[in-house]
Amino acid sequence: MKLRGLYSNYIISANPMASGGQAVLFDIPGTPLLYKQFKGRSRSDQGVQDLESRLRELCAIGYGVFVQRRRQPGDSDPSSFCWPVDVIQQGGVPVGIVLPKATAPFYRDGSSRLRTLEFLYLYRTDPPSSYIRVRILLGALRAFAFLGQMQLVHGDVAPKNIVWAPDPSPRVFVIDVDGVHRDGAPYWDYVRTPEWTDPRVLNGMIVGHDLRSDWYALALLVLRTLLCSRFLLPTISSPVLGDLGAYFPDELAAALAEALGQPDSLRRPSPQEWSKLLSNHFFPSGKPNGAAFAAIDVAVARRRRWERRSGYLGPPFVELSRVLRDGLGLVPPHDARSAT
Amino acid sequence: METPIILPVCITIDVSASMENGSIQALNACLPDLKAMMLDEPLVAELTRVGIVIFNDQADQAVPLTDLTEVEMPQLQAVGGTSYKAGLEETRTFLEQSVRRLGANAQYYTPIVFFLSDGQPLDSESEWGPAAGALRTGKYHANVVCFGFDQADPEVLCKIGRTFLFREANPVLAVKEVFKTLIGTINTTSMSAREASGPKGIVFPEDILQNADLFMEMDVQGV
């Protein structure tokens with residue numbers, strides 16, 4: 001199918017690559033691009049106008065970064081975001097955007113699946129070393145510092161929206177950015193991800209995520225990535241974060257408590273502050289601090305032991321060697337190869 | 001500190017002789033896909049614990065409630081008759097035992113039971129009816145979803161739970177669609193369950209609610 005955008009024309013594949021709750025993705029064969037078609041949603045005239053205006057602004061950024069300056073995904077702070085490079089309209093209404101594809105390093109080894117953030121911090125995914133995890137965190141913090149300097153809000157900092165690559169150098173690529181909007185500007189298409197939602201939204205203090213919501217989620221990312229834990233927080237009410245001192249040195253524990261300890265607080269470290277804190281702790285004078293990384297590895301092990309002992313991980317794993325009733329219909333493991 | 005809430009899922013599978021038409025082989029090929037989904041969706045795997053009950057004339061627990069990423073999936077054989085009473089009673093026992101094993105302070109969402117059958121029960125409604133009712137009510141009640149295919153009787157399944165009848169004539173293809181739908185439902189439900197506002201019950205993937213060519217949702221009777 002042929003599409004006409006603001007800047008160019010495209011031929012998209014007939015069958016979608018993927019489909020989600022809000023959009024369908026199509027490959028644009030022979031190009032480093034893909035097409036994201038929005039799923040139908042009714043909007044007012046003002047809503048359409050705001051959407052078009054916002055997408056044009058994002059496209060201007062994307063066109064500059066990926067087309068004019070020919071950056072590759074993740075190779076710089078500006079190109080750490082999957083800015084759209086074109087908008088497709090029908091009847092004056094934006095119906096989709098053209099995006100740069102994530103490159104090969106952002107895919108999980110030997111698969112067509114992107115390396116999203118769950119594979120950075122969840123213990124069950126066999127995450128990378130603490131050294132890589134910290135480098136990825138620093139890349140993410142730099143990227144969001146750049147976004148904040150432009151007074152732009154992402155609004156849904158969550159595992160599925162950010163992919164990462166461990167090599168050739170650790171970096172991130174924020175793959176869902178069409179919701180990016182100006183901080184403080186009117187916006188209606190708020191989305192949120194469970195376990196990454198600003199408590200101020202849950203408390204009803206704000207309607208949707210703002211810049212400090214991005215900072216809240218980044219603090220969560222720091223905590224979860226360093227500890228390799230899902231690390232649930234209370235959604236409302238006073239948190240129990242006192243045990244952070246058992247895992248982190250005082251300065252880190254204090255910053256995490258400041259970011260996450262008071263649900264309705266606006267005093268949350270910015271990405272720049274986090275970047276400075278982590279760099280000073282893990283790379284003093286620009287060189288890796290082996291002791292700091294070793295301490296994080298110990299903290300991860302300690303956290304894991306606690307999660308197992310406390311039942312945090314759910315039902316224990318169970319062996320399957322029990323004998324079932326005769327004639328029931330289960331092939332015994334040793335006969336599995338003869339089953340047809 | 002908030003502790004994780006578990007989503008218990010039980011897959012109750014008819015392994016009677018009628019499944020020896022390619023269906024059981026298709027099922028055995030599909031079971032690893034469930035584990036593969038868990039490996040691909042680690043946040044789903046964090047939340048969800050799955051067990052498998054199998055039944056024909058009798059029933060047993062083939063896989064206890066567990067983290068599927070840690071176990072090998074069983075291989076099933078088709079043999080025997082079809083007793084819905086056995087399958088439903090064993091499922092209820094499974095849920096009771098599984099929930100108790102979570103521990104006194106554990107939190108869990110309402111369990112989901114996926115009931116898969118390709119044919120009609122040999123026992124009467126007066127025998128399996130009370131078992132179906134007990135599964136949906138009481139202390140360890142469950143949300144029950146029935147997936148019927150091949151010779152399954154939708155009027156019977158509707159009395160057990162919310163029923164989807166897969167219309168694909170080839171039972172092997174029907175089993176594959178059943179499993180694709182089951183896996184998708186676990187995925188969407190567990191993601192929805194993590195919403196801070198609380199679980200909303202079973203959340204089906206969009207295509208199951210739109211793809212009338214593949215299946216038909218039956219009217220629920222008396223559930």
# chains A, B, ... in the order shown; residues from 1 in each chain; ligands from 1

call {"tool": "residues_around", "arguments": {"residues": "segment 106-123 of chain B", "least_positions_apart": "6", "cutoff": "9 Å", "atoms": "only C-alpha atoms", "output": "count of residues only"}}
result
58

call {"tool": "residues_around", "arguments": {"residues": "Val172 of chain B", "least_positions_apart": "3", "cutoff": "6 Å", "atoms": "only C-alpha atoms", "output": "list of chain:residue names"}}
result
B:Gly22, B:Ser23, B:Ala26, B:Val175

call {"tool": "closest_residue", "arguments": {"among": "A:Glu118, A:Asp198, A:Glu258, A:Asp86", "to": "chain B", "atoms": "only C-alpha atoms"}}
result
A:Glu118

call {"tool": "closest_residue", "arguments": {"among": "B:Gly184, B:Gly51, B:Pro32, B:Pro64", "to": "chain A", "atoms": "only C-alpha atoms"}}
result
B:Pro64

call {"tool": "closest_atom_pairs", "arguments": {"of": "chain B", "to": "chain A", "cutoff": "9 Å", "atoms": "only C-alpha atoms", "output": "tab-separated table"}}
result
residue	atom	partner	partner_atom	distance
B:Met1	CA	A:Val240	CA	5.3
B:Glu2	CA	A:Pro234	CA	5.1
B:Thr3	CA	A:Tyr312	CA	6.1
B:Pro4	CA	A:Tyr312	CA	6.3
B:Ile5	CA	A:Gly314	CA	8.1
B:Ile6	CA	A:Gly314	CA	6.6
B:Val15	CA	A:Gly329	CA	6.3
B:Ser16	CA	A:Gly329	CA	8.0
B:Gln25	CA	A:Thr340	CA	7.2
B:Leu39	CA	A:Thr125	CA	7.9
B:Asp40	CA	A:Arg113	CA	8.4
B:Glu41	CA	A:Glu118	CA	8.3
B:Pro42	CA	A:Glu118	CA	6.8
B:Leu43	CA	A:Glu118	CA	7.1
B:Ala45	CA	A:Arg124	CA	8.9
B:Glu46	CA	A:Leu313	CA	7.6
B:Leu47	CA	A:Gly314	CA	8.2
B:Thr48	CA	A:Gly314	CA	9.0
B:Arg49	CA	A:Pro315	CA	7.7
B:Ile54	CA	A:Leu328	CA	7.6
B:Phe55	CA	A:Leu328	CA	6.8
B:Asn56	CA	A:Leu328	CA	6.7
B:Asp57	CA	A:Leu328	CA	7.9
B:Gln58	CA	A:Leu328	CA	6.8
B:Ala59	CA	A:Leu328	CA	6.9
B:Asp60	CA	A:Leu324	CA	6.6
B:Gln61	CA	A:Leu324	CA	7.7
B:Ala62	CA	A:Leu330	CA	7.4
B:Val63	CA	A:Leu320	CA	6.7
B:Pro64	CA	A:Val318	CA	7.1
B:Leu65	CA	A:Pro315	CA	7.4
B:Thr66	CA	A:Phe317	CA	5.7
B:Asp67	CA	A:Phe317	CA	6.4
B:Leu68	CA	A:Phe317	CA	8.7
B:Thr69	CA	A:Arg124	CA	8.9
B:Glu70	CA	A:Phe317	CA	7.0
B:Val71	CA	A:Leu320	CA	7.8
B:Glu72	CA	A:Leu320	CA	8.4
B:Pro74	CA	A:Leu330	CA	7.2
B:Gln75	CA	A:Val331	CA	5.4
B:Leu76	CA	A:Leu330	CA	4.6
B:Gln77	CA	A:Gly329	CA	4.3
B:Ala78	CA	A:Gly329	CA	5.7
B:Val79	CA	A:Gly329	CA	6.0
B:Gly80	CA	A:Gly327	CA	7.4
B:Ser98	CA	A:Pro315	CA	8.4
B:Arg101	CA	A:Pro315	CA	7.1
B:Leu102	CA	A:Pro315	CA	5.6
B:Gly103	CA	A:Gly311	CA	8.2
B:Ala106	CA	A:Gly311	CA	7.9
B:Met191	CA	A:Pro194	CA	7.9
B:Ser192	CA	A:Pro194	CA	8.1
B:Ala193	CA	A:Pro194	CA	8.7
B:Arg194	CA	A:Pro194	CA	5.4
B:Glu195	CA	A:Pro194	CA	4.7
B:Ala196	CA	A:Pro194	CA	6.1
B:Ser197	CA	A:Leu202	CA	8.2
B:Glu206	CA	A:Gly21	CA	8.0

call {"tool": "write_last_selection", "arguments": {"atoms": "C-alpha atoms", "output": "mmCIF file, in the first residue's frame"}}
result
data_model
loop_
_atom_site.group_PDB
_atom_site.id
_atom_site.type_symbol
_atom_site.label_atom_id
_atom_site.label_comp_id
_atom_site.auth_asym_id
_atom_site.auth_seq_id
_atom_site.Cartn_x
_atom_site.Cartn_y
_atom_site.Cartn_z
ATOM 1 C CA MET B 1 5.970 -2.473 51.317
ATOM 2 C CA GLU B 2 3.557 -3.830 48.798
ATOM 3 C CA THR B 3 3.901 -7.521 48.072
ATOM 4 C CA PRO B 4 3.155 -9.047 44.718
ATOM 5 C CA ILE B 5 -0.299 -10.411 44.085
ATOM 6 C CA ILE B 6 -0.370 -13.736 42.308
ATOM 7 C CA VAL B 15 -7.542 -35.935 27.500
ATOM 8 C CA SER B 16 -10.206 -38.485 26.600
ATOM 9 C CA GLN B 25 -0.599 -34.035 19.414
ATOM 10 C CA LEU B 39 9.923 -16.396 28.921
ATOM 11 C CA ASP B 40 9.185 -13.618 26.432
ATOM 12 C CA GLU B 41 7.008 -11.696 28.865
ATOM 13 C CA PRO B 42 8.877 -11.786 32.151
ATOM 14 C CA LEU B 43 6.483 -9.351 33.819
ATOM 15 C CA ALA B 45 5.727 -14.587 34.462
ATOM 16 C CA GLU B 46 6.363 -12.583 37.636
ATOM 17 C CA LEU B 47 2.670 -12.330 38.309
ATOM 18 C CA THR B 48 1.185 -15.534 36.952
ATOM 19 C CA ARG B 49 1.348 -19.057 38.297
ATOM 20 C CA ILE B 54 -6.117 -33.333 33.072
ATOM 21 C CA PHE B 55 -9.176 -35.526 33.031
ATOM 22 C CA ASN B 56 -10.875 -38.361 31.239
ATOM 23 C CA ASP B 57 -12.810 -40.853 33.372
ATOM 24 C CA GLN B 58 -10.765 -39.598 36.284
ATOM 25 C CA ALA B 59 -8.631 -36.560 36.908
ATOM 26 C CA ASP B 60 -5.316 -35.472 38.344
ATOM 27 C CA GLN B 61 -2.969 -32.537 38.559
ATOM 28 C CA ALA B 62 -0.412 -32.804 35.772
ATOM 29 C CA VAL B 63 1.379 -29.571 36.690
ATOM 30 C CA PRO B 64 0.976 -28.023 40.133
ATOM 31 C CA LEU B 65 0.569 -24.267 40.382
ATOM 32 C CA THR B 66 4.031 -23.032 39.595
ATOM 33 C CA ASP B 67 6.240 -20.666 37.658
ATOM 34 C CA LEU B 68 6.131 -22.192 34.206
ATOM 35 C CA THR B 69 9.499 -20.805 33.212
ATOM 36 C CA GLU B 70 11.068 -23.240 35.644
ATOM 37 C CA VAL B 71 9.471 -26.486 34.465
ATOM 38 C CA GLU B 72 9.303 -28.683 31.398
ATOM 39 C CA PRO B 74 4.300 -32.513 30.150
ATOM 40 C CA GLN B 75 3.389 -34.677 27.195
ATOM 41 C CA LEU B 76 -0.232 -35.804 27.248
ATOM 42 C CA GLN B 77 -1.920 -38.941 25.925
ATOM 43 C CA ALA B 78 -5.526 -39.322 24.828
ATOM 44 C CA VAL B 79 -7.213 -42.240 26.513
ATOM 45 C CA GLY B 80 -10.454 -43.092 28.313
ATOM 46 C CA SER B 98 -2.803 -24.270 45.555
ATOM 47 C CA ARG B 101 0.077 -23.388 49.676
ATOM 48 C CA LEU B 102 0.510 -19.701 48.879
ATOM 49 C CA GLY B 103 0.574 -19.089 52.604
ATOM 50 C CA ALA B 106 -0.461 -14.316 50.462
ATOM 51 C CA MET B 191 -1.136 -6.944 32.373
ATOM 52 C CA SER B 192 -4.528 -5.570 33.315
ATOM 53 C CA ALA B 193 -4.275 -7.094 36.772
ATOM 54 C CA ARG B 194 -1.198 -4.953 37.458
ATOM 55 C CA GLU B 195 -3.280 -1.789 37.063
ATOM 56 C CA ALA B 196 -3.184 0.129 40.295
ATOM 57 C CA SER B 197 -6.941 0.390 40.329
ATOM 58 C CA GLU B 206 -8.807 -7.791 21.034
#

call {"tool": "select_by_dssp", "arguments": {"residues": "segment 36-69 of chain B", "states": "helix (DSSP H, G or I)", "output": "VMD selection string"}}
result
chain B and resid 36 to 40 42 to 47 68 to 69

call {"tool": "residues_around", "arguments": {"residues": "segment 145-151 of chain A", "least_positions_apart": "6", "cutoff": "9 Å", "atoms": "only C-alpha atoms", "output": "PyMOL selection string"}}
result
chain A and resi 77-78+181-184+211+270-272+275

call {"tool": "write_last_selection", "arguments": {"atoms": "N, CA and C atoms", "output": "PDB file, in the first residue's frame"}}
result
ATOM      1  N   ASP A  77      22.425  11.459  22.379  1.00  0.00           N
ATOM      2  CA  ASP A  77      21.263  11.740  23.232  1.00  0.00           C
ATOM      3  C   ASP A  77      20.023  12.053  22.392  1.00  0.00           C
ATOM      4  N   PRO A  78      20.128  12.954  21.395  1.00  0.00           N
ATOM      5  CA  PRO A  78      18.922  13.226  20.597  1.00  0.00           C
ATOM      6  C   PRO A  78      18.398  11.998  19.872  1.00  0.00           C
ATOM      7  N   HIS A 181       5.108  15.424  24.773  1.00  0.00           N
ATOM      8  CA  HIS A 181       4.421  16.705  24.663  1.00  0.00           C
ATOM      9  C   HIS A 181       5.128  17.729  25.534  1.00  0.00           C
ATOM     10  N   ARG A 182       4.819  18.981  25.320  1.00  0.00           N
ATOM     11  CA  ARG A 182       5.431  20.077  26.067  1.00  0.00           C
ATOM     12  C   ARG A 182       4.947  20.033  27.512  1.00  0.00           C
ATOM     13  N   ASP A 183       5.868  20.206  28.434  1.00  0.00           N
ATOM     14  CA  ASP A 183       5.506  20.238  29.850  1.00  0.00           C
ATOM     15  C   ASP A 183       4.596  21.437  30.102  1.00  0.00           C
ATOM     16  N   GLY A 184       3.454  21.176  30.687  1.00  0.00           N
ATOM     17  CA  GLY A 184       2.525  22.257  30.997  1.00  0.00           C
ATOM     18  C   GLY A 184       1.525  22.560  29.904  1.00  0.00           C
ATOM     19  N   LEU A 211       6.502  16.328  33.866  1.00  0.00           N
ATOM     20  CA  LEU A 211       7.959  16.139  33.832  1.00  0.00           C
ATOM     21  C   LEU A 211       8.451  15.418  35.074  1.00  0.00           C
ATOM     22  N   SER A 270      16.465  15.216  39.445  1.00  0.00           N
ATOM     23  CA  SER A 270      16.350  15.295  37.993  1.00  0.00           C
ATOM     24  C   SER A 270      17.279  14.251  37.364  1.00  0.00           C
ATOM     25  N   PRO A 271      17.134  13.982  36.074  1.00  0.00           N
ATOM     26  CA  PRO A 271      18.051  13.055  35.416  1.00  0.00           C
ATOM     27  C   PRO A 271      19.496  13.516  35.537  1.00  0.00           C
ATOM     28  N   GLN A 272      19.724  14.842  35.484  1.00  0.00           N
ATOM     29  CA  GLN A 272      21.099  15.331  35.612  1.00  0.00           C
ATOM     30  C   GLN A 272      21.658  14.998  36.991  1.00  0.00           C
ATOM     31  N   SER A 275      22.416  11.360  37.170  1.00  0.00           N
ATOM     32  CA  SER A 275      23.579  11.070  36.340  1.00  0.00           C
ATOM     33  C   SER A 275      24.860  11.402  37.102  1.00  0.00           C
TER      34      SER A 275
END

call {"tool": "residues_around", "arguments": {"residues": "Phe282 of chain A", "least_positions_apart": "4", "cutoff": "7 Å", "atoms": "only C-alpha atoms", "output": "PyMOL selection string"}}
result
chain A and resi 278+288-289+292-293

call {"tool": "write_last_selection", "arguments": {"atoms": "C-alpha atoms", "output": "PDB file, in the first residue's frame"}}
result
ATOM      1  CA  LEU A 278      25.765   7.505  39.709  1.00  0.00           C
ATOM      2  CA  PRO A 288      35.021   2.177  37.055  1.00  0.00           C
ATOM      3  CA  ASN A 289      34.934   1.723  40.828  1.00  0.00           C
ATOM      4  CA  ALA A 292      31.014  -0.059  44.096  1.00  0.00           C
ATOM      5  CA  PHE A 293      29.999  -2.622  41.502  1.00  0.00           C
TER       6      PHE A 293
END

call {"tool": "residues_around", "arguments": {"residues": "Leu120 of chain A", "least_positions_apart": "6", "cutoff": "8 Å", "atoms": "only C-alpha atoms", "output": "ChimeraX atom specification"}}
result
/A:127-128,133,225,228

call {"tool": "residues_around", "arguments": {"residues": "Gly47 of chain A", "least_positions_apart": "4", "cutoff": "12 Å", "atoms": "only C-alpha atoms", "output": "mmCIF file with N, CA and C atoms, in the first residue's frame"}}
result
data_model
loop_
_atom_site.group_PDB
_atom_site.id
_atom_site.type_symbol
_atom_site.label_atom_id
_atom_site.label_comp_id
_atom_site.auth_asym_id
_atom_site.auth_seq_id
_atom_site.Cartn_x
_atom_site.Cartn_y
_atom_site.Cartn_z
ATOM 1 N N ARG A 41 -9.713 6.356 16.915
ATOM 2 C CA ARG A 41 -10.120 6.991 18.159
ATOM 3 C C ARG A 41 -10.750 8.322 17.799
ATOM 4 N N SER A 42 -11.922 8.548 18.308
ATOM 5 C CA SER A 42 -12.608 9.781 17.933
ATOM 6 C C SER A 42 -11.997 10.961 18.676
ATOM 7 N N ARG A 43 -11.841 12.048 17.971
ATOM 8 C CA ARG A 43 -11.277 13.261 18.569
ATOM 9 C C ARG A 43 -12.107 14.466 18.155
ATOM 10 N N LEU A 51 -3.196 17.341 17.979
ATOM 11 C CA LEU A 51 -2.415 16.163 17.612
ATOM 12 C C LEU A 51 -1.544 16.456 16.407
ATOM 13 N N GLU A 52 -2.127 17.075 15.416
ATOM 14 C CA GLU A 52 -1.368 17.374 14.201
ATOM 15 C C GLU A 52 -0.209 18.302 14.519
ATOM 16 N N SER A 53 -0.501 19.313 15.308
ATOM 17 C CA SER A 53 0.536 20.283 15.654
ATOM 18 C C SER A 53 1.672 19.601 16.423
ATOM 19 N N ARG A 54 1.299 18.765 17.353
ATOM 20 C CA ARG A 54 2.323 18.087 18.165
ATOM 21 C C ARG A 54 3.148 17.118 17.328
ATOM 22 N N VAL A 93 -6.583 14.522 8.920
ATOM 23 C CA VAL A 93 -6.437 13.957 10.261
ATOM 24 C C VAL A 93 -5.212 13.031 10.286
ATOM 25 N N PRO A 94 -4.303 13.219 11.239
ATOM 26 C CA PRO A 94 -3.159 12.299 11.328
ATOM 27 C C PRO A 94 -3.635 10.882 11.622
ATOM 28 N N PRO A 186 -1.536 21.812 27.188
ATOM 29 C CA PRO A 186 -2.722 20.953 27.250
ATOM 30 C C PRO A 186 -2.468 19.637 26.518
ATOM 31 N N TYR A 187 -2.902 18.577 27.150
ATOM 32 C CA TYR A 187 -2.673 17.249 26.556
ATOM 33 C C TYR A 187 -3.737 16.315 27.105
ATOM 34 N N TRP A 188 -4.228 15.423 26.251
ATOM 35 C CA TRP A 188 -5.337 14.581 26.680
ATOM 36 C C TRP A 188 -5.084 13.084 26.532
ATOM 37 N N ASP A 189 -4.071 12.727 25.760
ATOM 38 C CA ASP A 189 -3.886 11.297 25.473
ATOM 39 C C ASP A 189 -2.995 10.616 26.498
#

call {"tool": "atom_distance", "arguments": {"atom1": "atom CA of Gln72 of chain A", "atom2": "atom CA of Leu221 of chain A"}}
result
24.3 Å

call {"tool": "atom_distance", "arguments": {"atom1": "atom CA of Val98 of chain A", "atom2": "atom CA of Thr188 of chain B"}}
result
26.9 Å

call {"tool": "closest_residue", "arguments": {"among": "A:Ala299, A:Ala185, A:Val201, A:Leu226", "to": "Asp264 of chain A", "atoms": "only C-alpha atoms"}}
result
A:Val201
